[in-house]
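As stored in coords20.tsv (TSV, C-alpha atoms):
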```
chain	number	residue	atom	x	y	z
P	1451	MET	CA	-84.84	-91.66	-43.23
P	1452	GLU	CA	-84.67	-88.68	-45.60
P	1453	SER	CA	-86.48	-88.23	-48.91
P	1454	SER	CA	-84.26	-88.39	-51.99
P	1455	GLY	CA	-84.13	-85.96	-54.89
P	1456	PRO	CA	-83.35	-82.24	-54.99
P	1457	GLY	CA	-87.02	-81.34	-54.71
P	1458	ALA	CA	-87.43	-83.22	-51.42
P	1459	GLU	CA	-84.24	-82.19	-49.65
P	1460	THR	CA	-86.08	-79.43	-47.83
P	1461	LEU	CA	-88.32	-81.97	-46.07
P	1462	PRO	CA	-86.11	-83.95	-43.69
P	1463	LEU	CA	-87.71	-86.61	-41.58
P	1464	GLY	CA	-89.16	-85.18	-38.34
P	1465	HIS	CA	-89.38	-81.63	-39.64
P	1466	SER	CA	-92.37	-79.83	-38.10
P	1467	TYR	CA	-94.91	-77.70	-40.04
P	1468	PRO	CA	-97.85	-75.66	-38.71
P	1469	TYR	CA	-100.33	-77.72	-40.72
P	1470	ALA	CA	-98.70	-81.18	-41.03
P	1471	THR	CA	-96.21	-83.56	-39.39
P	1472	TRP	CA	-94.26	-86.69	-40.27
P	1473	LYS	CA	-95.89	-89.92	-39.25
P	1474	GLY	CA	-94.93	-93.38	-40.46
P	1475	GLY	CA	-92.70	-91.90	-43.16
P	1476	MET	CA	-95.52	-89.72	-44.51
P	1477	LEU	CA	-96.67	-86.11	-44.06
P	1478	GLN	CA	-100.12	-85.95	-42.51
P	1479	LEU	CA	-102.36	-83.08	-41.36
P	1480	ARG	CA	-102.45	-82.24	-37.69
P	1481	PRO	CA	-105.79	-83.26	-36.09
P	1482	GLY	CA	-108.24	-80.39	-35.64
P	1483	TRP	CA	-106.01	-77.85	-37.39
P	1484	GLN	CA	-108.18	-77.56	-40.50
P	1485	LYS	CA	-111.48	-77.03	-38.59
P	1486	LEU	CA	-109.88	-74.45	-36.30
P	1487	GLN	CA	-108.59	-72.38	-39.19
P	1488	LEU	CA	-111.88	-72.63	-41.06
P	1489	ARG	CA	-113.76	-71.31	-38.07
P	1490	GLN	CA	-111.36	-68.41	-37.50
P	1491	HIS	CA	-110.77	-67.21	-41.05
P	1492	LYS	CA	-113.81	-68.53	-43.01
P	1493	VAL	CA	-111.87	-69.28	-46.15
P	1494	SER	CA	-111.75	-72.28	-48.44
P	1495	ALA	CA	-110.41	-75.57	-47.12
P	1496	GLU	CA	-107.85	-75.67	-49.89
P	1497	LYS	CA	-106.18	-72.41	-48.85
P	1498	VAL	CA	-106.51	-72.91	-45.12
P	1499	ALA	CA	-105.28	-76.46	-44.80
P	1500	TYR	CA	-101.95	-75.86	-46.46
P	1501	GLY	CA	-101.40	-72.13	-46.58
P	1502	ALA	CA	-100.62	-72.77	-50.21
P	1503	MET	CA	-102.09	-69.92	-52.09
P	1504	ALA	CA	-99.86	-66.97	-51.37
P	1505	ARG	CA	-101.32	-63.93	-53.06
P	1506	ASN	CA	-100.55	-63.96	-56.81
P	1507	LYS	CA	-97.76	-66.53	-56.34
P	1508	GLY	CA	-99.55	-69.88	-56.84
P	1509	ILE	CA	-98.81	-72.98	-54.76
P	1510	SER	CA	-95.98	-72.72	-52.25
P	1511	VAL	CA	-92.84	-74.85	-52.51
P	1512	ASP	CA	-93.65	-76.68	-49.25
P	1513	VAL	CA	-96.99	-77.85	-50.60
P	1514	ARG	CA	-95.38	-78.99	-53.85
P	1515	ASN	CA	-92.89	-81.01	-51.81
P	1516	MET	CA	-95.81	-82.62	-49.97
P	1517	VAL	CA	-97.28	-83.66	-53.33
P	1518	ILE	CA	-93.98	-85.23	-54.38
P	1519	SER	CA	-93.66	-86.95	-51.00
P	1520	HIS	CA	-97.06	-88.61	-51.39
P	1521	TRP	CA	-96.27	-89.53	-54.98
P	1522	LYS	CA	-92.97	-91.20	-53.95
P	1523	ASN	CA	-94.88	-93.21	-51.37
P	1524	GLY	CA	-96.93	-94.74	-54.17
P	1525	LYS	CA	-100.10	-92.73	-53.99
P	1526	SER	CA	-101.94	-91.98	-57.21
P	1527	VAL	CA	-102.58	-88.53	-58.63
P	1528	SER	CA	-106.26	-88.87	-57.82
P	1529	CYS	CA	-105.59	-89.88	-54.22
P	1530	ILE	CA	-103.11	-87.04	-53.68
P	1531	GLY	CA	-105.67	-84.58	-55.02
P	1532	GLN	CA	-108.29	-85.83	-52.56
P	1533	ILE	CA	-105.88	-85.61	-49.62
P	1534	LEU	CA	-104.58	-82.14	-50.42
P	1535	LYS	CA	-107.85	-80.81	-51.90
P	1536	PHE	CA	-106.31	-80.11	-55.31
P	1537	SER	CA	-107.54	-80.92	-58.78
P	1538	LYS	CA	-105.99	-83.83	-60.68
P	1539	SER	CA	-104.46	-81.50	-63.25
P	1540	THR	CA	-102.69	-79.48	-60.53
P	1541	VAL	CA	-101.16	-82.60	-58.97
P	1542	PHE	CA	-100.31	-84.03	-62.40
P	1543	ASN	CA	-98.47	-80.83	-63.44
P	1544	ILE	CA	-96.42	-80.81	-60.23
P	1545	VAL	CA	-95.43	-84.45	-60.68
P	1546	ARG	CA	-94.66	-83.99	-64.38
P	1547	ARG	CA	-92.39	-81.07	-63.68
P	1548	PHE	CA	-90.58	-83.06	-60.99
P	1549	LYS	CA	-89.99	-85.86	-63.51
P	1550	GLU	CA	-88.65	-83.49	-66.16
P	1551	GLU	CA	-86.58	-81.13	-64.00
P	1552	ASN	CA	-86.07	-83.17	-60.82
P	1553	SER	CA	-87.16	-80.10	-58.83
P	1554	VAL	CA	-90.33	-78.30	-57.78
P	1555	GLY	CA	-88.69	-75.06	-56.58
P	1556	ASN	CA	-89.47	-71.67	-58.01
P	1557	LYS	CA	-87.68	-70.97	-61.27
P	1558	GLN	CA	-85.31	-68.09	-61.50
P	1559	ARG	CA	-87.09	-65.17	-63.11
P	1560	SER	CA	-85.66	-63.40	-66.12
P	1561	GLY	CA	-84.44	-59.89	-65.39
P	1562	ARG	CA	-83.88	-58.13	-62.12
P	1563	PRO	CA	-86.80	-58.00	-59.65
P	1564	ARG	CA	-88.37	-54.57	-59.23
P	1565	LYS	CA	-87.22	-52.49	-56.29
P	1566	PHE	CA	-90.41	-50.54	-55.69
P	1567	SER	CA	-94.00	-51.64	-55.60
P	1568	GLU	CA	-96.63	-49.80	-57.60
P	1569	ARG	CA	-97.76	-47.97	-54.47
P	1570	GLU	CA	-94.20	-46.85	-53.71
P	1571	GLU	CA	-93.74	-45.68	-57.30
P	1572	ARG	CA	-96.91	-43.62	-57.07
P	1573	ARG	CA	-95.60	-41.93	-53.95
P	1574	ILE	CA	-92.31	-41.07	-55.68
P	1575	VAL	CA	-94.18	-39.57	-58.63
P	1576	ARG	CA	-96.43	-37.62	-56.28
P	1577	GLN	CA	-93.40	-36.09	-54.56
P	1578	VAL	CA	-92.04	-34.86	-57.90
P	1579	HIS	CA	-95.46	-33.61	-58.97
P	1580	ILE	CA	-95.71	-31.49	-55.82
P	1581	ASN	CA	-92.15	-30.16	-56.10
P	1582	PRO	CA	-90.60	-30.60	-59.58
P	1583	ARG	CA	-87.30	-29.13	-58.31
P	1584	THR	CA	-86.64	-32.10	-56.00
P	1585	ARG	CA	-83.24	-33.61	-56.80
P	1586	LYS	CA	-82.97	-37.32	-57.40
P	1587	VAL	CA	-80.37	-37.77	-54.62
P	1588	LYS	CA	-82.68	-36.13	-52.08
P	1589	LEU	CA	-85.57	-38.20	-53.39
P	1590	THR	CA	-83.47	-41.35	-52.95
P	1591	LEU	CA	-82.80	-40.47	-49.31
P	1592	LYS	CA	-86.52	-39.94	-48.73
P	1593	CYS	CA	-87.21	-43.37	-50.20
P	1594	LYS	CA	-84.61	-44.92	-47.89
P	1595	CYS	CA	-86.27	-43.37	-44.84
P	1596	ARG	CA	-89.82	-44.06	-45.99
P	1597	PHE	CA	-89.56	-47.51	-47.56
P	1598	ARG	CA	-86.47	-48.85	-45.74
P	1599	LYS	CA	-84.89	-49.60	-49.11
P	1600	SER	CA	-81.39	-48.64	-50.17
P	1601	VAL	CA	-81.43	-47.91	-53.91
P	1602	ASN	CA	-79.31	-46.07	-56.42
P	1603	PRO	CA	-80.47	-42.59	-57.52
P	1604	GLU	CA	-80.55	-43.92	-61.06
P	1605	THR	CA	-83.28	-46.37	-60.01
P	1606	VAL	CA	-85.43	-43.47	-58.82
P	1607	ARG	CA	-84.83	-41.66	-62.10
P	1608	ASN	CA	-85.89	-44.77	-64.04
P	1609	VAL	CA	-89.15	-44.83	-62.06
P	1610	LEU	CA	-89.81	-41.20	-62.99
P	1611	ARG	CA	-88.98	-41.87	-66.64
P	1612	LYS	CA	-91.39	-44.78	-66.60
P	1613	HIS	CA	-94.15	-42.33	-65.63
P	1614	LYS	CA	-93.02	-39.84	-68.34
P	1615	TYR	CA	-91.18	-37.46	-66.02
P	1616	HIS	CA	-87.88	-36.31	-67.58
P	1617	GLY	CA	-85.25	-33.93	-66.30
P	1618	ARG	CA	-85.30	-30.73	-68.33
P	1619	VAL	CA	-83.76	-27.28	-67.96
P	1620	PRO	CA	-86.58	-24.98	-66.79
P	1621	GLN	CA	-87.55	-21.91	-68.77
P	1622	LYS	CA	-86.31	-18.74	-67.13
P	1623	MET	CA	-88.62	-15.96	-66.05
P	1624	PRO	CA	-88.01	-12.75	-64.08
P	1625	TYR	CA	-88.74	-12.99	-60.40
P	1626	ILE	CA	-91.81	-10.94	-59.49
P	1627	SER	CA	-92.72	-10.36	-55.86
P	1628	LYS	CA	-96.27	-10.77	-54.58
P	1629	ALA	CA	-96.66	-7.02	-54.10
P	1630	ASN	CA	-95.64	-6.32	-57.70
P	1631	ARG	CA	-97.94	-9.05	-58.97
P	1632	LYS	CA	-100.88	-7.40	-57.23
P	1633	ALA	CA	-99.87	-4.01	-58.60
P	1634	ARG	CA	-99.57	-5.39	-62.14
P	1635	LEU	CA	-103.01	-6.98	-61.92
P	1636	ALA	CA	-104.54	-3.78	-60.61
P	1637	PHE	CA	-102.91	-1.78	-63.43
P	1638	ALA	CA	-104.20	-4.24	-66.07
P	1639	LYS	CA	-107.74	-3.99	-64.66
P	1640	MET	CA	-107.46	-0.19	-64.68
P	1641	CYS	CA	-106.52	-0.23	-68.37
P	1642	LEU	CA	-109.54	-2.39	-69.20
P	1643	LYS	CA	-111.94	-0.15	-67.31
P	1644	GLN	CA	-110.85	3.06	-69.07
P	1645	SER	CA	-112.95	4.32	-71.95
P	1646	THR	CA	-111.69	5.30	-75.40
P	1647	GLU	CA	-111.95	8.99	-74.42
P	1648	PHE	CA	-109.35	8.41	-71.71
P	1649	TRP	CA	-106.78	7.07	-74.22
P	1650	GLU	CA	-107.44	9.92	-76.68
P	1651	ASN	CA	-105.38	12.27	-74.49
P	1652	VAL	CA	-102.45	9.91	-73.87
P	1653	ILE	CA	-99.13	10.32	-75.67
P	1654	PHE	CA	-97.03	7.16	-75.80
P	1655	VAL	CA	-93.23	7.46	-75.98
P	1656	ASP	CA	-90.51	4.83	-76.38
P	1657	GLY	CA	-87.25	4.05	-78.16
P	1658	SER	CA	-86.09	1.32	-80.51
P	1659	LYS	CA	-83.08	0.16	-82.54
P	1660	TYR	CA	-82.82	-0.61	-86.26
P	1661	ASN	CA	-79.91	-2.50	-87.79
P	1662	ILE	CA	-78.34	-1.57	-91.09
P	1663	PHE	CA	-77.48	-5.17	-91.86
P	1664	GLY	CA	-79.42	-8.19	-90.61
P	1665	SER	CA	-81.45	-8.59	-87.45
P	1666	ASP	CA	-80.79	-9.28	-83.78
P	1667	GLY	CA	-83.50	-11.97	-83.72
P	1668	LYS	CA	-83.46	-15.49	-85.10
P	1669	GLN	CA	-83.98	-15.94	-88.82
P	1670	LYS	CA	-85.40	-19.09	-90.41
P	1671	VAL	CA	-85.33	-20.56	-93.91
P	1672	TRP	CA	-87.37	-23.34	-95.52
P	1673	ARG	CA	-85.03	-26.08	-96.70
P	1674	THR	CA	-84.88	-29.80	-97.32
P	1675	PRO	CA	-82.60	-32.22	-95.42
P	1676	ASN	CA	-78.84	-32.02	-96.11
P	1677	THR	CA	-79.07	-28.56	-97.72
P	1678	ALA	CA	-78.00	-26.46	-94.72
P	1679	LEU	CA	-74.78	-25.27	-96.44
P	1680	HIS	CA	-76.35	-24.25	-99.75
P	1681	ILE	CA	-75.74	-20.57	-100.53
P	1682	LYS	CA	-79.43	-19.70	-100.64
P	1683	ASN	CA	-79.95	-21.26	-97.18
P	1684	LEU	CA	-77.15	-19.31	-95.47
P	1685	TRP	CA	-77.57	-16.01	-93.61
P	1686	PRO	CA	-74.63	-13.65	-94.35
P	1687	THR	CA	-73.12	-11.62	-91.52
P	1688	VAL	CA	-70.55	-8.83	-91.24
P	1689	LYS	CA	-68.11	-7.79	-88.54
P	1690	TYR	CA	-69.41	-5.79	-85.60
P	1691	GLY	CA	-73.02	-6.33	-86.69
P	1692	GLY	CA	-72.92	-3.83	-89.57
P	1693	GLY	CA	-74.06	-0.84	-87.50
P	1694	ASN	CA	-77.42	0.33	-86.18
P	1695	GLN	CA	-79.48	3.39	-85.40
P	1696	LEU	CA	-81.24	4.22	-82.12
P	1697	VAL	CA	-84.47	6.18	-82.46
P	1698	TRP	CA	-86.98	7.82	-80.12
P	1699	GLY	CA	-90.56	8.41	-81.13
P	1700	CYS	CA	-94.03	9.19	-79.79
P	1701	MET	CA	-97.60	8.65	-80.91
P	1702	ALA	CA	-101.18	9.44	-79.92
P	1703	ILE	CA	-104.59	8.40	-81.17
P	1704	SER	CA	-104.50	11.16	-83.83
P	1705	GLY	CA	-101.15	10.11	-85.33
P	1706	VAL	CA	-97.41	10.00	-84.80
P	1707	GLY	CA	-95.24	12.73	-83.27
P	1708	ASN	CA	-91.57	13.53	-83.72
P	1709	LEU	CA	-88.96	10.89	-84.58
P	1710	ASP	CA	-85.54	11.65	-83.09
P	1711	PHE	CA	-82.21	9.91	-83.80
P	1712	ILE	CA	-79.86	9.06	-80.96
P	1713	ASP	CA	-76.10	8.98	-81.52
P	1714	GLY	CA	-73.87	7.28	-78.99
P	1715	ALA	CA	-74.90	5.84	-75.65
P	1716	MET	CA	-78.25	6.66	-74.11
P	1717	ASN	CA	-78.30	8.00	-70.55
P	1718	LYS	CA	-80.59	10.14	-68.40
P	1719	TYR	CA	-79.16	13.42	-69.71
P	1720	VAL	CA	-79.64	12.38	-73.34
P	1721	TYR	CA	-83.17	11.25	-72.55
P	1722	LEU	CA	-83.97	14.53	-70.78
P	1723	ASP	CA	-82.72	16.48	-73.81
P	1724	ILE	CA	-84.98	14.40	-76.09
P	1725	LEU	CA	-88.01	15.16	-73.93
P	1726	GLU	CA	-87.25	18.89	-73.88
P	1727	ARG	CA	-86.90	19.07	-77.66
P	1728	ASN	CA	-89.71	16.77	-78.77
P	1729	LEU	CA	-92.43	16.10	-76.20
P	1730	LYS	CA	-94.21	19.45	-76.00
P	1731	GLN	CA	-93.80	20.07	-79.73
P	1732	SER	CA	-95.29	16.64	-80.57
P	1733	ALA	CA	-98.21	17.16	-78.15
P	1734	SER	CA	-98.93	20.52	-79.79
P	1735	ASN	CA	-98.84	19.02	-83.29
P	1736	LEU	CA	-101.20	16.24	-82.19
P	1737	GLY	CA	-103.65	18.75	-80.67
P	1738	ILE	CA	-103.42	17.57	-77.04
P	1739	SER	CA	-100.87	19.99	-75.59
P	1740	ARG	CA	-103.08	21.33	-72.77
P	1741	HIS	CA	-104.31	18.11	-71.17
P	1742	PHE	CA	-102.17	15.22	-72.40
P	1743	LYS	CA	-101.00	12.34	-70.19
P	1744	LEU	CA	-97.54	10.83	-70.64
P	1745	TYR	CA	-97.12	7.05	-70.87
P	1746	GLN	CA	-93.55	5.68	-70.68
P	1747	ASP	CA	-91.92	2.50	-69.43
P	1748	ASN	CA	-89.92	1.88	-66.24
P	1749	ASP	CA	-86.51	2.02	-67.85
P	1750	PRO	CA	-83.80	3.46	-65.51
P	1751	LYS	CA	-83.45	6.56	-67.72
P	1752	PRO	CA	-87.11	7.71	-67.61
P	1753	THR	CA	-87.29	6.93	-63.89
P	1754	ALA	CA	-84.17	8.96	-63.06
P	1755	ASP	CA	-84.84	11.79	-60.61
P	1756	ILE	CA	-83.83	14.50	-63.06
P	1757	CYS	CA	-86.27	13.19	-65.70
P	1758	LYS	CA	-89.10	12.63	-63.22
P	1759	LEU	CA	-88.72	16.20	-61.96
P	1760	TRP	CA	-88.94	17.62	-65.49
P	1761	VAL	CA	-92.03	15.52	-66.27
P	1762	LEU	CA	-93.65	16.71	-63.04
P	1763	TYR	CA	-93.42	20.38	-64.07
P	1764	HIS	CA	-94.03	20.08	-67.82
P	1765	CYS	CA	-96.61	17.30	-68.26
P	1766	PRO	CA	-100.29	17.80	-67.27
P	1767	GLY	CA	-100.56	14.13	-66.32
P	1768	VAL	CA	-98.49	10.95	-66.06
P	1769	ILE	CA	-99.64	7.33	-66.17
P	1770	LYS	CA	-97.54	5.45	-63.64
P	1771	THR	CA	-96.81	1.85	-64.51
P	1772	PRO	CA	-95.99	-0.57	-61.66
P	1773	ALA	CA	-92.53	-2.02	-61.17
P	1774	GLN	CA	-91.65	-5.15	-63.18
P	1775	SER	CA	-94.71	-4.59	-65.37
P	1776	PRO	CA	-94.88	-6.05	-68.89
P	1777	ASP	CA	-94.33	-3.66	-71.75
P	1778	ILE	CA	-97.88	-3.10	-73.06
P	1779	ASN	CA	-97.06	0.17	-74.77
P	1780	PRO	CA	-98.87	0.09	-78.16
P	1781	ILE	CA	-95.95	1.94	-79.78
P	1782	GLU	CA	-94.10	-1.42	-79.72
P	1783	HIS	CA	-96.40	-2.54	-82.54
P	1784	MET	CA	-95.55	0.67	-84.35
P	1785	TRP	CA	-91.84	-0.17	-84.20
P	1786	ASP	CA	-92.55	-3.62	-85.60
P	1787	TYR	CA	-94.59	-2.13	-88.43
P	1788	LEU	CA	-91.80	0.32	-89.20
P	1789	GLN	CA	-89.26	-2.55	-89.25
P	1790	GLN	CA	-91.35	-4.37	-91.85
P	1791	LYS	CA	-91.35	-1.27	-94.05
P	1792	ILE	CA	-87.59	-0.79	-93.65
P	1793	ASN	CA	-86.96	-4.40	-94.69
P	1794	GLU	CA	-88.51	-3.59	-98.07
P	1795	HIS	CA	-85.56	-1.30	-98.87
P	1796	ASN	CA	-82.02	-2.29	-99.80
P	1797	ILE	CA	-80.01	-0.31	-97.23
P	1798	SER	CA	-76.22	-0.21	-97.26
P	1799	ASN	CA	-75.27	2.63	-94.87
P	1800	LYS	CA	-76.53	4.68	-91.94
P	1801	GLN	CA	-77.57	7.69	-94.01
P	1802	GLU	CA	-79.87	5.57	-96.14
P	1803	LEU	CA	-81.33	3.98	-93.02
P	1804	ARG	CA	-82.15	7.39	-91.52
P	1805	LYS	CA	-83.67	8.58	-94.79
P	1806	HIS	CA	-86.01	5.60	-95.08
P	1807	LEU	CA	-86.93	5.76	-91.38
P	1808	ILE	CA	-88.09	9.36	-91.77
P	1809	GLU	CA	-90.00	8.57	-94.96
P	1810	GLU	CA	-91.80	5.51	-93.57
P	1811	TRP	CA	-92.52	7.26	-90.25
P	1812	ALA	CA	-94.21	10.15	-92.08
P	1813	LYS	CA	-96.39	7.73	-94.05
P	1814	ILE	CA	-98.02	6.25	-90.92
P	1815	ASN	CA	-101.62	7.56	-90.76
P	1816	GLY	CA	-103.80	8.33	-87.76
P	1817	SER	CA	-106.22	5.43	-88.34
P	1818	PHE	CA	-103.44	2.91	-87.77
P	1819	CYS	CA	-102.42	4.67	-84.54
P	1820	ALA	CA	-106.05	4.79	-83.35
P	1821	LYS	CA	-106.42	1.05	-83.97
P	1822	LEU	CA	-103.37	0.30	-81.82
P	1823	ILE	CA	-104.37	2.59	-78.96
P	1824	LYS	CA	-107.97	1.37	-78.83
P	1825	SER	CA	-106.63	-2.13	-78.22
P	1826	MET	CA	-105.59	-0.97	-74.72
P	1827	SER	CA	-109.21	-1.37	-73.60
P	1828	ASN	CA	-109.57	-4.86	-75.09
```

Can the structure from this file be put into structure tokens for me?
Amino acid sequence: MESSGPGAETLPLGHSYPYATWKGGMLQLRPGWQKLQLRQHKVSAEKVAYGAMARNKGISVDVRNMVISHWKNGKSVSCIGQILKFSKSTVFNIVRRFKEENSVGNKQRSGRPRKFSEREERRIVRQVHINPRTRKVKLTLKCKCRFRKSVNPETVRNVLRKHKYHGRVPQKMPYISKANRKARLAFAKMCLKQSTEFWENVIFVDGSKYNIFGSDGKQKVWRTPNTALHIKNLWPTVKYGGGNQLVWGCMAISGVGNLDFIDGAMNKYVYLDILERNLKQSASNLGISRHFKLYQDNDPKPTADICKLWVLYHCPGVIKTPAQSPDINPIEHMWDYLQQKINEHNISNKQELRKHLIEEWAKINGSFCAKLIKSMSN
């Protein structure tokens, strides 16, 4: 004899279960099984007798089939509840669903079941947090070895997106070795420890470039949506950039030194000529010719052997900056200030640019230079 109905097809007559067996056409508990399990596991009789309550999954399909089997044999809802240690409402709901759907199996869930558990997802996120450069294909292979699950790399990426990790192009930065990092830190600490008197005898030198037309940097305008092509919101350009002028200058705490114009390409010989013509003269005009210290960057031209040799014989002192050091020369702020003043003029050619550069350079007073240089100790 075999029970009828789709919900009971999984319980053929004579089928053996760890907690019950067929007897007289009915499923009954095995003698002594319930007491044995209670003594070993110390859990409720309801969970032990039938193994029904799988964690977070409700009553198992086998137990639901047992309810239907008792109900088909004419037992009441109350009687079934007493036998199986369930409430009346639980038995009633199982029977009602069997009447409506002719089945007590688990319904098919909407959507695809998740591939990774929460614990596995946390491990994936932790791997990316430790090494953000890990590729998703390599991460997928690690998951296959660790979790014994074969998944698509896109699934791993979806897990990372769920935890707000998105693939982005990293910002670039120059590579700096550990030795240079230590040297940079030591140099920065040295600058902070020096008094104002130390910086009073330093002459800062550097070069810059000024365009006749426009700027090399990004320019922004304030506009409303859909007005990008309005004439007032456009930035006009000319062929070949419109021309520019390279300049070399120096400054100390008492004021600015010479401003020299550079025509053509800059190389070590041009730089050496600029030093010979301007450095000593500027130091004399600034009143520090006997004991000044030269501060310049690590550009290939100043660090050329021919330039270093000249500086060794003609400069009382030199402040050596470490390799790959940031440009903390205060004259950079002077170039920016000079650019702001040049932008106030309507310049159309190179001669006008030179004229206004000389005029604005001469207007820079010593108090502004002193303010910039004193910031080296802050």

What's around Gln1790 (chain P) at 12 Å? Count only C-alpha atoms, leave out sequence neighbours fewer than 3 positions away in its own chain, and write the answer as a ChimeraX atom specification.
/P:1660,1665,1783-1787,1793-1795,1806-1807,1810-1811

List as a PyMOL selection string the protein and nucleic acid residues near region 1631-1636 of chain P, meaning an atom at most 7 Å away when all atoms listed in the file are counted, but skip any in the same chain fewer than 5 places from it.
chain P and resi 1626+1772+1775

For Arg1514 (chain P), which residue out of P:Trp1760, P:Phe1542, P:Trp1672, P:Phe1597 is the nearest one, using all atoms listed in the file?
P:Phe1542

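For the pair CA of Lys1628 (chain P) and CA of Arg1576 (chain P), the separation is 26.9 Å.
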
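If all atoms listed in the file are the atoms counted, then among P:Gly1693, P:Lys1586, P:Asp1723, P:Val1517 the closest residue to Gln1532 (chain P) is P:Val1517.
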
Quick one: which region 1794-1819 of chain P residues come within 10 Å of region 1673-1692 of chain P, and what is the nearest atom pair for each with the distance in Å to one decimal, counting only C-alpha atoms, rows ordered by chain and ascending number, as JSON lines?
```
{"residue": "P:Ser1798", "atom": "CA", "partner": "P:Gly1692", "partner_atom": "CA", "distance": 9.1}
{"residue": "P:Asn1799", "atom": "CA", "partner": "P:Gly1692", "partner_atom": "CA", "distance": 8.7}
{"residue": "P:Lys1800", "atom": "CA", "partner": "P:Gly1692", "partner_atom": "CA", "distance": 9.5}
```

Only C-alpha atoms, please: the residues just picked out, written as a short mmCIF file (atom, residue, chain, number, x, y, z; two decimals), in the frame of the given file.
```cif
data_model
loop_
_atom_site.label_atom_id
_atom_site.label_comp_id
_atom_site.auth_asym_id
_atom_site.auth_seq_id
_atom_site.Cartn_x
_atom_site.Cartn_y
_atom_site.Cartn_z
CA SER P 1798 -76.22 -0.21 -97.26
CA ASN P 1799 -75.27 2.63 -94.87
CA LYS P 1800 -76.53 4.68 -91.94
#
```

Hey, can you check how far CA of Ile1823 (chain P) sits from CA of Ile1653 (chain P)?
9.9 Å

12 Å contact set for Ile1724 (chain P), only C-alpha atoms, chain neighbours under 3 positions out, as an MDAnalysis selection string
chainID P and resid 1655:1657 1697:1700 1708:1713 1716:1721 1727:1732 1751:1752 1757 1760

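With CA of Lys1614 (chain P) on one side and CA of Lys1588 (chain P) on the other, the separation reads 19.6 Å.
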
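All residues of protein, DNA or RNA that reach within 6 Å of region 1741-1744 of chain P, judged by all atoms listed in the file and not counting those fewer than 5 positions away in the chain, are Asn1651, Val1652, Ile1653, Pro1766, Gly1767 and Val1768 of chain P.
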
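Excluding Asn1543 (chain P) itself and any same-chain residue fewer than 5 positions from it, the protein and nucleic acid residues within 12 Å of it, counting only C-alpha atoms, are Ile1509, Arg1514, Val1517, Ile1518, Val1527, Gly1531, Phe1536, Ser1537, Lys1538, Phe1548, Lys1549, Glu1550, Glu1551 and Val1554 of chain P.
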
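Of the listed residues P:Ile1544, P:Ala1812, P:Leu1610, P:Ile1781, the one whose atoms come nearest to Glu1570 (chain P) is P:Leu1610, with distances taken using only C-alpha atoms.
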
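Closest to Gln1789 (chain P) among P:Ala1715, P:Lys1659, P:Asn1748, P:Asp1777 is P:Lys1659, based on only C-alpha atoms.
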
At a cut-off of 12 Å from (-82.4, -44.4, -60.9) in the coordinates of the file, what residues are picked up using only C-alpha atoms, written as a VMD selection string?
chain P and resid 1564 to 1566 1571 1574 1585 to 1587 1589 to 1590 1593 1600 to 1612 1616

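Considering only C-alpha atoms, the residue among P:Lys1535, P:Arg1559, P:Lys1821, P:Lys1525 positioned nearest to Ser1704 (chain P) is P:Lys1821.
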
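Nearest to Ala1773 (chain P) of all the residues P:Val1511, P:Tyr1625, P:His1579, P:Ser1539 is P:Tyr1625, counting only C-alpha atoms.
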
Around the point (-109.4, -5.0, -72.4) (coordinates from the file), which residues reach within 9 Å if we count all atoms listed in the file? Answer as a compact mmCIF listing (two decimals) with C-alpha atoms, in the frame of the given file.
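The resulting file, out18.txt, is reproduced below:
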```txt
# COMPACT_ATOMS: atom_id res chain seq x y z
CA ALA P 1638 -104.20 -4.24 -66.07
CA LYS P 1639 -107.74 -3.99 -64.66
CA CYS P 1641 -106.52 -0.23 -68.37
CA LEU P 1642 -109.54 -2.39 -69.20
CA LYS P 1643 -111.94 -0.15 -67.31
CA GLN P 1644 -110.85 3.06 -69.07
CA SER P 1825 -106.63 -2.13 -78.22
CA MET P 1826 -105.59 -0.97 -74.72
CA SER P 1827 -109.21 -1.37 -73.60
CA ASN P 1828 -109.57 -4.86 -75.09
```
